[in-house]
file final_37.cif (mmCIF, C-alpha atoms and all ligand atoms)
data_my_file
#
loop_
_atom_site.label_atom_id
_atom_site.label_comp_id
_atom_site.auth_asym_id
_atom_site.auth_seq_id
_atom_site.Cartn_x
_atom_site.Cartn_y
_atom_site.Cartn_z
CA MET A 161 -84.54 152.87 -25.21
CA ASN A 162 -83.91 150.25 -27.90
CA SER A 163 -80.53 148.58 -27.98
CA LYS A 164 -78.23 149.22 -30.91
CA VAL A 165 -76.42 146.26 -32.41
CA LEU A 166 -73.80 146.25 -35.13
CA ILE A 167 -73.74 143.17 -37.38
CA ILE A 168 -70.29 142.54 -38.79
CA TYR A 169 -70.17 140.25 -41.79
CA THR A 170 -66.96 138.31 -42.42
CA GLY A 171 -68.26 135.61 -44.78
CA GLY A 172 -68.91 131.93 -44.16
CA THR A 173 -71.77 129.67 -45.21
CA ILE A 174 -74.40 131.98 -43.70
CA GLY A 175 -73.77 134.49 -46.48
CA MET A 176 -72.93 132.14 -49.32
CA VAL A 177 -74.64 131.33 -52.58
CA GLU A 178 -74.19 128.40 -54.90
CA ASP A 179 -72.36 128.97 -58.16
CA PRO A 180 -74.95 127.79 -60.70
CA ILE A 181 -72.29 126.28 -62.94
CA THR A 182 -69.80 124.64 -60.59
CA GLY A 183 -72.13 124.12 -57.61
CA THR A 184 -69.46 125.38 -55.18
CA LEU A 185 -70.35 127.85 -52.43
CA HIS A 186 -68.86 131.32 -52.45
CA PRO A 187 -69.57 134.50 -50.42
CA PHE A 188 -72.24 136.89 -51.75
CA ASP A 189 -72.71 140.62 -51.49
CA PHE A 190 -73.74 141.32 -47.90
CA ASP A 191 -76.57 143.68 -48.91
CA HIS A 192 -78.54 140.56 -49.82
CA LEU A 193 -78.79 139.57 -46.16
CA PHE A 194 -81.67 141.96 -45.48
CA ASN A 195 -83.54 140.65 -48.52
CA GLU A 196 -83.04 137.11 -47.31
CA VAL A 197 -84.09 137.84 -43.70
CA PRO A 198 -86.92 140.39 -43.78
CA GLU A 199 -87.76 139.29 -40.21
CA LEU A 200 -84.86 141.47 -39.04
CA GLN A 201 -87.08 144.51 -39.52
CA LYS A 202 -89.45 143.21 -36.83
CA LEU A 203 -86.82 143.22 -34.09
CA GLU A 204 -87.04 146.04 -31.59
CA ILE A 205 -83.34 146.55 -31.89
CA GLU A 206 -81.64 149.16 -34.02
CA LEU A 207 -79.39 147.43 -36.51
CA GLU A 208 -76.51 148.55 -38.61
CA VAL A 209 -74.31 146.40 -40.74
CA GLU A 210 -70.72 146.52 -41.75
CA SER A 211 -68.62 144.07 -43.65
CA ILE A 212 -64.93 143.31 -43.71
CA LYS A 213 -63.31 144.40 -46.98
CA SER A 214 -63.23 140.97 -48.61
CA PRO A 215 -65.58 138.43 -47.01
CA ILE A 216 -64.02 135.00 -46.80
CA ASP A 217 -64.62 131.35 -46.23
CA SER A 218 -63.36 131.25 -42.66
CA SER A 219 -60.75 128.65 -43.54
CA ASN A 220 -58.88 131.60 -45.06
CA VAL A 221 -58.92 133.62 -41.84
CA ASP A 222 -55.61 135.01 -40.60
CA SER A 223 -54.35 137.54 -38.12
CA GLU A 224 -54.96 140.37 -40.61
CA VAL A 225 -58.67 139.59 -40.63
CA TRP A 226 -58.61 139.47 -36.82
CA MET A 227 -57.04 142.92 -36.76
CA GLU A 228 -59.61 144.22 -39.24
CA LEU A 229 -62.37 142.93 -36.95
CA ILE A 230 -60.72 144.53 -33.92
CA ALA A 231 -60.53 147.84 -35.80
CA ILE A 232 -64.24 147.70 -36.73
CA ILE A 233 -65.31 146.88 -33.17
CA GLU A 234 -63.04 149.55 -31.68
CA LYS A 235 -64.34 152.19 -34.10
CA HIS A 236 -67.95 151.48 -33.13
CA TYR A 237 -67.51 150.35 -29.54
CA ASP A 238 -69.07 153.38 -27.86
CA GLN A 239 -72.02 153.74 -30.25
CA PHE A 240 -73.35 150.20 -29.96
CA ASP A 241 -74.67 148.09 -27.10
CA GLY A 242 -73.52 144.87 -28.71
CA PHE A 243 -72.03 143.23 -31.76
CA VAL A 244 -72.94 140.19 -33.84
CA VAL A 245 -70.11 138.75 -35.89
CA LEU A 246 -71.19 136.56 -38.80
CA HIS A 247 -68.38 134.12 -39.39
CA GLY A 248 -67.84 130.73 -40.96
CA SER A 249 -68.09 127.96 -38.44
CA ASP A 250 -64.83 126.25 -39.45
CA THR A 251 -62.59 128.69 -37.60
CA MET A 252 -65.18 130.54 -35.53
CA ALA A 253 -63.82 129.15 -32.27
CA TYR A 254 -60.34 130.48 -33.15
CA THR A 255 -61.46 133.99 -34.12
CA ALA A 256 -63.82 134.28 -31.18
CA SER A 257 -61.15 133.00 -28.77
CA ALA A 258 -58.60 135.43 -30.22
CA LEU A 259 -60.98 138.38 -29.75
CA SER A 260 -61.71 137.33 -26.17
CA PHE A 261 -58.00 137.90 -25.40
CA LEU A 262 -57.31 140.85 -27.71
CA ILE A 263 -60.16 142.98 -26.33
CA GLU A 264 -59.11 143.58 -22.74
CA ASN A 265 -61.79 144.62 -20.22
CA ASN A 266 -64.57 144.06 -22.73
CA SER A 267 -67.97 144.95 -21.28
CA LYS A 268 -70.16 144.40 -24.34
CA PRO A 269 -71.73 141.33 -25.91
CA ILE A 270 -69.72 140.25 -28.96
CA ILE A 271 -71.74 137.32 -30.28
CA PHE A 272 -70.39 135.15 -33.07
CA THR A 273 -72.74 133.13 -35.20
CA GLY A 274 -72.98 131.48 -38.60
CA SER A 275 -74.74 128.51 -40.07
CA GLN A 276 -74.32 125.06 -41.55
CA LEU A 277 -76.67 125.83 -44.47
CA PRO A 278 -76.66 129.09 -46.47
CA ILE A 279 -79.29 131.57 -45.31
CA GLY A 280 -81.02 131.46 -48.70
CA THR A 281 -81.76 127.74 -48.54
CA LEU A 282 -85.08 126.33 -47.41
CA ARG A 283 -83.94 124.45 -44.30
CA THR A 284 -81.34 126.98 -43.26
CA ASP A 285 -80.27 127.19 -39.63
CA GLY A 286 -78.90 130.67 -40.41
CA LYS A 287 -82.05 132.69 -39.76
CA GLU A 288 -82.66 131.46 -36.23
CA ASN A 289 -78.97 131.74 -35.40
CA LEU A 290 -78.80 135.31 -36.67
CA ILE A 291 -82.03 136.55 -35.08
CA THR A 292 -81.30 135.06 -31.65
CA ALA A 293 -77.67 136.21 -31.73
CA ILE A 294 -78.95 139.76 -32.31
CA GLU A 295 -81.42 139.44 -29.43
CA ILE A 296 -78.63 138.25 -27.12
CA ALA A 297 -76.27 141.02 -28.27
CA GLY A 298 -78.96 143.58 -27.48
CA ALA A 299 -80.22 142.00 -24.24
CA LYS A 300 -80.03 144.27 -21.19
CA ARG A 301 -81.13 144.05 -17.58
CA ASN A 302 -81.33 147.27 -15.54
CA GLY A 303 -79.65 149.05 -18.43
CA LYS A 304 -76.65 146.71 -18.43
CA ALA A 305 -75.62 144.05 -20.96
CA ILE A 306 -76.68 140.59 -19.82
CA VAL A 307 -73.79 138.88 -21.66
CA PRO A 308 -70.79 141.23 -21.47
CA GLU A 309 -68.38 138.82 -23.12
CA VAL A 310 -67.28 137.25 -26.39
CA ALA A 311 -69.55 134.27 -27.06
CA ILE A 312 -70.71 131.91 -29.79
CA TYR A 313 -74.40 131.32 -30.47
CA PHE A 314 -75.30 128.25 -32.50
CA GLU A 315 -78.42 126.07 -32.64
CA TYR A 316 -80.17 127.31 -29.48
CA ASP A 317 -77.08 127.40 -27.24
CA LEU A 318 -74.79 130.25 -26.27
CA TYR A 319 -71.21 129.30 -25.37
CA ARG A 320 -68.25 131.18 -23.93
CA ALA A 321 -66.05 131.81 -26.99
CA ASN A 322 -62.79 130.57 -25.51
CA ARG A 323 -64.39 127.35 -24.22
CA THR A 324 -65.88 126.35 -27.55
CA THR A 325 -64.82 123.87 -30.21
CA LYS A 326 -66.41 122.89 -33.50
CA MET A 327 -67.45 119.27 -32.99
CA SER A 328 -69.54 118.44 -36.04
CA ALA A 329 -69.05 119.13 -39.73
CA GLU A 330 -72.70 118.48 -40.53
CA ASN A 331 -75.04 118.69 -37.53
CA PHE A 332 -76.83 121.96 -36.96
CA GLN A 333 -75.46 121.68 -33.43
CA ALA A 334 -71.89 122.20 -34.65
CA PHE A 335 -70.32 123.47 -31.44
CA GLN A 336 -69.80 122.33 -27.89
CA SER A 337 -68.22 123.73 -24.78
CA PRO A 338 -67.12 120.51 -23.12
CA ASN A 339 -65.55 121.99 -20.00
CA TYR A 340 -67.85 124.90 -19.24
CA PRO A 341 -71.63 125.30 -18.89
CA ILE A 342 -73.58 127.01 -21.64
CA LEU A 343 -74.20 130.72 -21.06
CA ALA A 344 -77.78 130.67 -22.33
CA GLU A 345 -80.34 128.45 -23.95
CA ALA A 346 -82.92 129.69 -26.43
CA GLY A 347 -86.36 128.10 -26.31
CA VAL A 348 -89.64 129.94 -26.11
CA HIS A 349 -87.62 132.39 -24.00
CA ILE A 350 -83.88 132.91 -23.84
CA ARG A 351 -82.78 131.52 -20.49
CA PHE A 352 -79.55 133.13 -19.34
CA ASN A 353 -77.30 131.09 -17.08
CA ASP A 354 -76.28 134.11 -15.00
CA HIS A 355 -73.83 132.35 -12.70
CA ALA A 356 -71.75 131.21 -15.72
CA ILE A 357 -71.61 134.64 -17.41
CA SER A 358 -68.69 137.03 -16.78
CA GLY A 359 -69.16 140.20 -14.76
CA ILE A 360 -68.64 143.67 -16.20
CA PRO A 361 -65.00 144.74 -15.74
CA LYS A 362 -64.28 148.02 -13.96
CA GLU A 363 -61.28 149.03 -16.05
CA LYS A 364 -61.51 150.74 -19.43
CA VAL A 365 -61.61 148.63 -22.57
CA PHE A 366 -58.32 148.22 -24.41
CA PHE A 367 -57.87 146.84 -27.93
CA ARG A 368 -54.64 144.98 -28.71
CA LYS A 369 -53.38 145.61 -32.22
CA LYS A 370 -50.83 142.84 -32.49
CA ILE A 371 -50.77 139.08 -32.34
CA SER A 372 -47.80 136.75 -32.79
CA SER A 373 -47.75 134.08 -35.47
CA ASP A 374 -44.44 132.64 -34.23
CA VAL A 375 -46.21 129.63 -32.81
CA ALA A 376 -46.62 126.00 -33.75
CA SER A 377 -48.28 122.87 -32.45
CA ILE A 378 -47.34 119.23 -32.27
CA LYS A 379 -49.93 116.53 -31.81
CA ILE A 380 -48.28 113.52 -30.20
CA PHE A 381 -49.11 110.13 -31.74
CA PRO A 382 -47.83 106.60 -31.22
CA GLY A 383 -44.65 105.96 -33.17
CA MET A 384 -43.98 109.64 -33.76
CA LYS A 385 -40.48 110.34 -35.08
CA ARG A 386 -37.95 112.69 -33.52
CA ASP A 387 -37.62 114.41 -36.92
CA ILE A 388 -41.02 116.04 -36.44
CA PHE A 389 -39.91 117.71 -33.21
CA GLN A 390 -36.60 118.68 -34.76
CA ALA A 391 -38.21 120.17 -37.86
CA ILE A 392 -40.68 122.23 -35.86
CA GLY A 393 -38.15 123.13 -33.17
CA SER A 394 -35.79 124.53 -35.81
CA ILE A 395 -38.36 126.95 -37.28
CA LYS A 396 -36.73 130.38 -37.32
CA GLY A 397 -38.21 132.76 -34.75
CA LEU A 398 -40.38 130.12 -33.04
CA GLU A 399 -41.55 131.51 -29.69
CA GLY A 400 -44.40 129.31 -28.58
CA LEU A 401 -45.40 125.68 -28.96
CA ILE A 402 -48.58 123.84 -28.06
CA LEU A 403 -48.01 120.17 -27.31
CA GLU A 404 -51.18 118.12 -27.70
CA THR A 405 -50.66 115.15 -25.44
CA TYR A 406 -52.61 112.09 -24.30
CA GLY A 407 -55.02 111.95 -21.38
CA SER A 408 -54.01 114.10 -18.45
CA GLY A 409 -50.95 115.48 -20.27
CA ASN A 410 -48.95 112.33 -20.99
CA ALA A 411 -46.41 111.58 -23.72
CA PRO A 412 -43.60 109.10 -24.38
CA THR A 413 -40.70 109.34 -21.92
CA ALA A 414 -38.12 108.61 -24.64
CA ASP A 415 -34.77 110.33 -24.09
CA TRP A 416 -35.04 112.09 -27.44
CA MET A 417 -38.31 113.74 -26.45
CA ILE A 418 -36.75 115.09 -23.27
CA ALA A 419 -33.67 116.26 -25.21
CA GLU A 420 -35.89 118.08 -27.74
CA VAL A 421 -37.87 119.84 -25.01
CA GLU A 422 -34.58 120.85 -23.34
CA GLU A 423 -33.40 122.24 -26.67
CA LEU A 424 -36.60 124.28 -27.07
CA ASN A 425 -36.19 125.54 -23.51
CA LYS A 426 -32.69 126.76 -24.33
CA LYS A 427 -34.17 128.76 -27.21
CA GLY A 428 -36.71 130.28 -24.82
CA VAL A 429 -39.74 128.73 -26.54
CA VAL A 430 -42.85 128.80 -24.32
CA ILE A 431 -44.23 125.24 -24.35
CA VAL A 432 -47.81 124.56 -23.29
CA ASN A 433 -49.19 121.07 -22.65
CA ILE A 434 -52.84 120.53 -23.50
CA THR A 435 -54.75 117.29 -23.77
CA GLN A 436 -56.12 115.67 -26.90
CA CYS A 437 -59.19 114.70 -24.84
CA ALA A 438 -62.28 116.85 -25.22
CA THR A 439 -62.93 116.94 -21.49
CA GLY A 440 -60.79 116.98 -18.35
CA HIS A 441 -57.57 118.64 -17.23
CA VAL A 442 -53.86 118.29 -17.82
CA ASN A 443 -52.25 117.24 -14.56
CA GLN A 444 -48.47 117.09 -15.08
CA GLY A 445 -46.86 114.64 -12.67
CA LYS A 446 -49.92 112.47 -12.13
CA TYR A 447 -48.20 109.80 -14.25
CA GLU A 448 -44.52 109.24 -14.86
CA THR A 449 -45.28 109.98 -18.52
CA SER A 450 -46.00 113.62 -17.75
CA ALA A 451 -43.60 114.17 -14.83
CA GLN A 452 -40.75 114.94 -17.27
CA PHE A 453 -42.71 117.92 -18.61
CA GLU A 454 -43.25 119.31 -15.13
CA LYS A 455 -39.52 119.04 -14.39
CA LEU A 456 -38.67 120.74 -17.69
CA GLY A 457 -40.91 123.72 -16.99
CA VAL A 458 -43.53 122.92 -19.63
CA ILE A 459 -46.75 124.81 -18.78
CA GLY A 460 -49.73 122.62 -17.94
CA GLY A 461 -52.63 124.03 -19.97
CA SER A 462 -55.35 122.77 -17.59
CA ASN A 463 -58.58 122.25 -19.56
CA MET A 464 -58.10 124.88 -22.25
CA THR A 465 -59.39 124.09 -25.72
CA PHE A 466 -56.72 123.94 -28.41
CA GLU A 467 -58.19 127.11 -29.93
CA ALA A 468 -58.06 129.02 -26.65
CA ALA A 469 -54.54 127.86 -25.77
CA LEU A 470 -53.19 128.78 -29.20
CA CYS A 471 -54.85 132.20 -29.37
CA LYS A 472 -53.85 133.01 -25.78
CA LEU A 473 -50.23 132.16 -26.58
CA MET A 474 -50.34 134.25 -29.78
CA TYR A 475 -51.79 137.15 -27.77
CA LEU A 476 -49.35 136.96 -24.86
CA LEU A 477 -46.28 136.63 -27.09
CA ALA A 478 -47.26 139.88 -28.82
CA CYS A 479 -47.70 141.90 -25.61
CA ASP A 480 -44.48 143.94 -25.65
CA GLU A 481 -44.59 144.78 -21.95
CA ILE A 482 -44.68 141.11 -20.96
CA SER A 483 -41.51 139.03 -20.52
CA LYS A 484 -41.32 135.40 -21.61
CA GLU A 485 -41.43 134.40 -17.94
CA GLU A 486 -44.62 136.39 -17.42
CA ALA A 487 -46.12 134.93 -20.60
CA ARG A 488 -45.38 131.47 -19.18
CA SER A 489 -47.11 132.19 -15.90
CA TYR A 490 -50.11 133.88 -17.57
CA MET A 491 -50.57 130.80 -19.75
CA ALA A 492 -51.36 128.82 -16.61
CA GLU A 493 -53.65 131.53 -15.18
CA ASP A 494 -57.28 132.19 -15.94
CA LEU A 495 -57.35 135.48 -17.87
CA ARG A 496 -60.79 135.44 -19.56
CA GLY A 497 -62.59 132.49 -18.07
CA GLU A 498 -60.80 130.13 -20.46
CA LEU A 499 -59.59 127.57 -17.95
CA GLY A 500 -60.31 125.94 -14.62
N1 LIG A 601 -66.30 126.68 -44.79
C1 LIG A 601 -67.28 127.51 -44.14
C2 LIG A 601 -66.54 128.57 -43.35
O1 LIG A 601 -66.06 128.29 -42.30
C3 LIG A 601 -68.17 126.70 -43.26
C4 LIG A 601 -69.16 127.53 -42.48
O2 LIG A 601 -69.43 128.67 -42.74
O3 LIG A 601 -69.73 127.01 -41.54
O4 LIG A 601 -66.46 129.68 -43.78
#

call {"tool": "encode", "arguments": {"input": "final_37.cif", "output": "structure tokens"}}
result
Amino acid sequence: MNSKVLIIYTGGTIGMVEDPITGTLHPFDFDHLFNEVPELQKLEIELEVESIKSPIDSSNVDSEVWMELIAIIEKHYDQFDGFVVLHGSDTMAYTASALSFLIENNSKPIIFTGSQLPIGTLRTDGKENLITAIEIAGAKRNGKAIVPEVAIYFEYDLYRANRTTKMSAENFQAFQSPNYPILAEAGVHIRFNDHAISGIPKEKVFFRKKISSDVASIKIFPGMKRDIFQAIGSIKGLEGLILETYGSGNAPTADWMIAEVEELNKKGVVIVNITQCATGHVNQGKYETSAQFEKLGVIGGSNMTFEAALCKLMYLLACDEISKEEARSYMAEDLRGELG
């Protein structure tokens, strides 16, 4: 039996047209996609399409759009074998990471893709990305999904969503997964990297309907002023903070920095330490310049991408049944293959 795949359009370059007067790109009516890609009719996969209410440039994405996506996937979850989410590449790694946490016990392929050039342009990368993403979303072996996880397909490579970062603003190969192997590579055939792909969970799928926006991040830089910490630390309702540190989790050992972290601790803010480096782990205590964080109970974020760490924190802080202490310990644990 043919697989059934739902394409969900959210906007992004893949579905944009050029305004003939101003030359700027803006989202077009999704119905045009089938006119632009007649090849879709040749696929031996049953396709349906749905669009979010107001397609966006993904730089405008917010938690409301994430919840709209969750609602669409939940509504259709049982009728489809897989999903392809068309999304702008700018924030694709955030949305895909968020969904990887919000959909608990997911057993279906949810494949994000987009393009660097609009699908209507001559040298577009959008057609190949779309067609292969659909093939991956519908791919089964012995009746079971080959990629039962949230992933990003771009320019011949399939990546685990919560391991992926946008690395290039202009290359067709826009994404990389620096700390985890690719899940599949598309050439003449699609070669699945089975040992890197998640197994199918036994428990029933569960869709989270809430995510916290009471989070912030601070990227440490040389000469940084205490005022920055104070301003962010005094945000009303702040519950979680991502600290982007140097190397293996290092930062200045200045007394004020320690005092500010202590202050945040008193307020119960969950602080997660991730590295500014694209590869490698945070290892608090390896150097004196990270030992203070370990002593202060800052969570070492291992090798999580910024996108994964942020979305995981937003997800955990919104789980009502979880205490702050549990949220802290889950941040250091591998929940969806996002770290380690
Ligand atoms: N600005 C666009 C977006 O993220 C870029 C893209 O689609 O790749 O929506």

call {"tool": "closest_residue", "arguments": {"input": "final_37.cif", "among": "A:Ala293, A:Ala299, A:Ala376, A:Ala356", "to": "Val430 (chain A)", "atoms": "all atoms listed in the file"}}
result
A:Ala376

call {"tool": "residues_near_ligand", "arguments": {"input": "final_37.cif", "ligand": "ligand LIG 601 (chain A)", "cutoff": "7 Å", "atoms": "all atoms listed in the file", "output": "list in words"}}
result
Gly171, Gly172, Thr173, Ile174, Ile216, Asp217, Ser218, Ser219, His247, Gly248, Ser249, Asp250, Thr251, Gly274, Ser275 and Gln276 of chain A

call {"tool": "closest_residue", "arguments": {"input": "final_37.cif", "among": "A:Leu203, A:Ala469, A:Ala391, A:Ile360", "to": "Leu499 (chain A)", "atoms": "only C-alpha atoms"}}
result
A:Ala469

call {"tool": "closest_atom_pairs", "arguments": {"input": "final_37.cif", "of": "region 379-451 of chain A", "to": "region 462-465 of chain A", "cutoff": "12 Å", "atoms": "only C-alpha atoms", "output": "JSON lines"}}
result
{"residue": "A:Ile402", "atom": "CA", "partner": "A:Thr465", "partner_atom": "CA", "distance": 11.1}
{"residue": "A:Glu404", "atom": "CA", "partner": "A:Thr465", "partner_atom": "CA", "distance": 10.3}
{"residue": "A:Thr405", "atom": "CA", "partner": "A:Ser462", "partner_atom": "CA", "distance": 11.9}
{"residue": "A:Gly407", "atom": "CA", "partner": "A:Asn463", "partner_atom": "CA", "distance": 11.0}
{"residue": "A:Ser408", "atom": "CA", "partner": "A:Ser462", "partner_atom": "CA", "distance": 8.8}
{"residue": "A:Gly409", "atom": "CA", "partner": "A:Ser462", "partner_atom": "CA", "distance": 8.9}
{"residue": "A:Val432", "atom": "CA", "partner": "A:Ser462", "partner_atom": "CA", "distance": 9.6}
{"residue": "A:Asn433", "atom": "CA", "partner": "A:Ser462", "partner_atom": "CA", "distance": 8.2}
{"residue": "A:Ile434", "atom": "CA", "partner": "A:Ser462", "partner_atom": "CA", "distance": 6.8}
{"residue": "A:Thr435", "atom": "CA", "partner": "A:Asn463", "partner_atom": "CA", "distance": 7.5}
{"residue": "A:Gln436", "atom": "CA", "partner": "A:Thr465", "partner_atom": "CA", "distance": 9.1}
{"residue": "A:Cys437", "atom": "CA", "partner": "A:Asn463", "partner_atom": "CA", "distance": 9.2}
{"residue": "A:Ala438", "atom": "CA", "partner": "A:Thr465", "partner_atom": "CA", "distance": 7.8}
{"residue": "A:Thr439", "atom": "CA", "partner": "A:Asn463", "partner_atom": "CA", "distance": 7.1}
{"residue": "A:Gly440", "atom": "CA", "partner": "A:Asn463", "partner_atom": "CA", "distance": 5.8}
{"residue": "A:His441", "atom": "CA", "partner": "A:Asn463", "partner_atom": "CA", "distance": 4.4}
{"residue": "A:Val442", "atom": "CA", "partner": "A:Ser462", "partner_atom": "CA", "distance": 4.7}
{"residue": "A:Asn443", "atom": "CA", "partner": "A:Ser462", "partner_atom": "CA", "distance": 7.0}
{"residue": "A:Gln444", "atom": "CA", "partner": "A:Ser462", "partner_atom": "CA", "distance": 9.3}

call {"tool": "closest_residue", "arguments": {"input": "final_37.cif", "among": "A:Ile233, A:Leu277, A:Val307, A:Val421", "to": "Gln390 (chain A)", "atoms": "only C-alpha atoms"}}
result
A:Val421

call {"tool": "atom_distance", "arguments": {"input": "final_37.cif", "atom1": "CA of Lys268 (chain A)", "atom2": "CA of Ile291 (chain A)"}}
result
17.8 Å

call {"tool": "closest_residue", "arguments": {"input": "final_37.cif", "among": "A:Gly347, A:Gln201, A:Thr170, A:Asn425", "to": "Val221 (chain A)", "atoms": "only C-alpha atoms"}}
result
A:Thr170

call {"tool": "residues_around", "arguments": {"input": "final_37.cif", "residues": "Leu318 (chain A)", "least_positions_apart": "2", "cutoff": "8 Å", "atoms": "all atoms listed in the file", "output": "list in words"}}
result
Ala311, Ile312, Tyr313, Phe314, Tyr316, Arg320, Ile342, Leu343, Ala344 and Glu345 of chain A

call {"tool": "atom_distance", "arguments": {"input": "final_37.cif", "atom1": "CA of Ile167 (chain A)", "atom2": "CA of Ala329 (chain A)"}}
result
24.6 Å

call {"tool": "atom_distance", "arguments": {"input": "final_37.cif", "atom1": "CA of Lys362 (chain A)", "atom2": "CA of Asn265 (chain A)"}}
result
7.5 Å

call {"tool": "closest_residue", "arguments": {"input": "final_37.cif", "among": "A:Lys164, A:Gly359, A:Tyr319, A:Lys455", "to": "Tyr340 (chain A)", "atoms": "only C-alpha atoms"}}
result
A:Tyr319

call {"tool": "decode", "arguments": {"input": "final_37.cif", "residues": "region 377-392 of chain A", "atoms": "N, CA, C and O atoms", "output": "short mmCIF file (atom, residue, chain, number, x, y, z; two decimals), in the first residue's frame"}}
result
data_model
loop_
_atom_site.label_atom_id
_atom_site.label_comp_id
_atom_site.auth_asym_id
_atom_site.auth_seq_id
_atom_site.Cartn_x
_atom_site.Cartn_y
_atom_site.Cartn_z
N SER A 377 18.88 34.39 26.86
CA SER A 377 20.23 33.85 26.68
C SER A 377 21.24 34.98 26.79
O SER A 377 20.92 36.14 26.49
N ILE A 378 22.42 34.62 27.24
CA ILE A 378 23.51 35.59 27.31
C ILE A 378 24.73 34.96 26.65
O ILE A 378 25.15 33.87 27.03
N LYS A 379 25.24 35.65 25.64
CA LYS A 379 26.45 35.18 24.98
C LYS A 379 27.62 35.95 25.60
O LYS A 379 27.69 37.18 25.49
N ILE A 380 28.50 35.21 26.26
CA ILE A 380 29.64 35.83 26.94
C ILE A 380 30.62 36.38 25.89
O ILE A 380 30.86 35.72 24.87
N PHE A 381 31.16 37.56 26.13
CA PHE A 381 32.21 38.08 25.23
C PHE A 381 33.23 38.86 26.07
O PHE A 381 32.90 39.34 27.17
N PRO A 382 34.44 38.97 25.55
CA PRO A 382 35.49 39.66 26.32
C PRO A 382 35.09 41.10 26.62
O PRO A 382 34.61 41.81 25.72
N GLY A 383 35.23 41.49 27.85
CA GLY A 383 34.92 42.87 28.24
C GLY A 383 33.46 43.10 28.54
O GLY A 383 33.02 44.24 28.74
N MET A 384 32.70 42.02 28.61
CA MET A 384 31.26 42.15 28.87
C MET A 384 31.00 42.85 30.20
O MET A 384 31.71 42.63 31.18
N LYS A 385 29.99 43.70 30.23
CA LYS A 385 29.69 44.45 31.45
C LYS A 385 28.68 43.72 32.34
O LYS A 385 27.78 43.06 31.82
N ARG A 386 28.82 43.93 33.63
CA ARG A 386 27.88 43.35 34.60
C ARG A 386 26.44 43.77 34.31
O ARG A 386 25.50 42.99 34.52
N ASP A 387 26.28 45.00 33.79
CA ASP A 387 24.93 45.53 33.52
C ASP A 387 24.09 44.58 32.66
O ASP A 387 22.88 44.51 32.80
N ILE A 388 24.77 43.89 31.74
CA ILE A 388 24.03 43.00 30.83
C ILE A 388 23.38 41.88 31.65
O ILE A 388 22.19 41.58 31.52
N PHE A 389 24.19 41.28 32.52
CA PHE A 389 23.66 40.22 33.39
C PHE A 389 22.53 40.75 34.26
O PHE A 389 21.49 40.12 34.41
N GLN A 390 22.78 41.95 34.81
CA GLN A 390 21.78 42.52 35.73
C GLN A 390 20.47 42.80 34.99
O GLN A 390 19.40 42.50 35.50
N ALA A 391 20.60 43.35 33.79
CA ALA A 391 19.38 43.70 33.03
C ALA A 391 18.59 42.43 32.70
O ALA A 391 17.37 42.38 32.89
N ILE A 392 19.29 41.40 32.26
CA ILE A 392 18.58 40.17 31.88
C ILE A 392 18.08 39.45 33.14
O ILE A 392 16.94 38.97 33.18
#
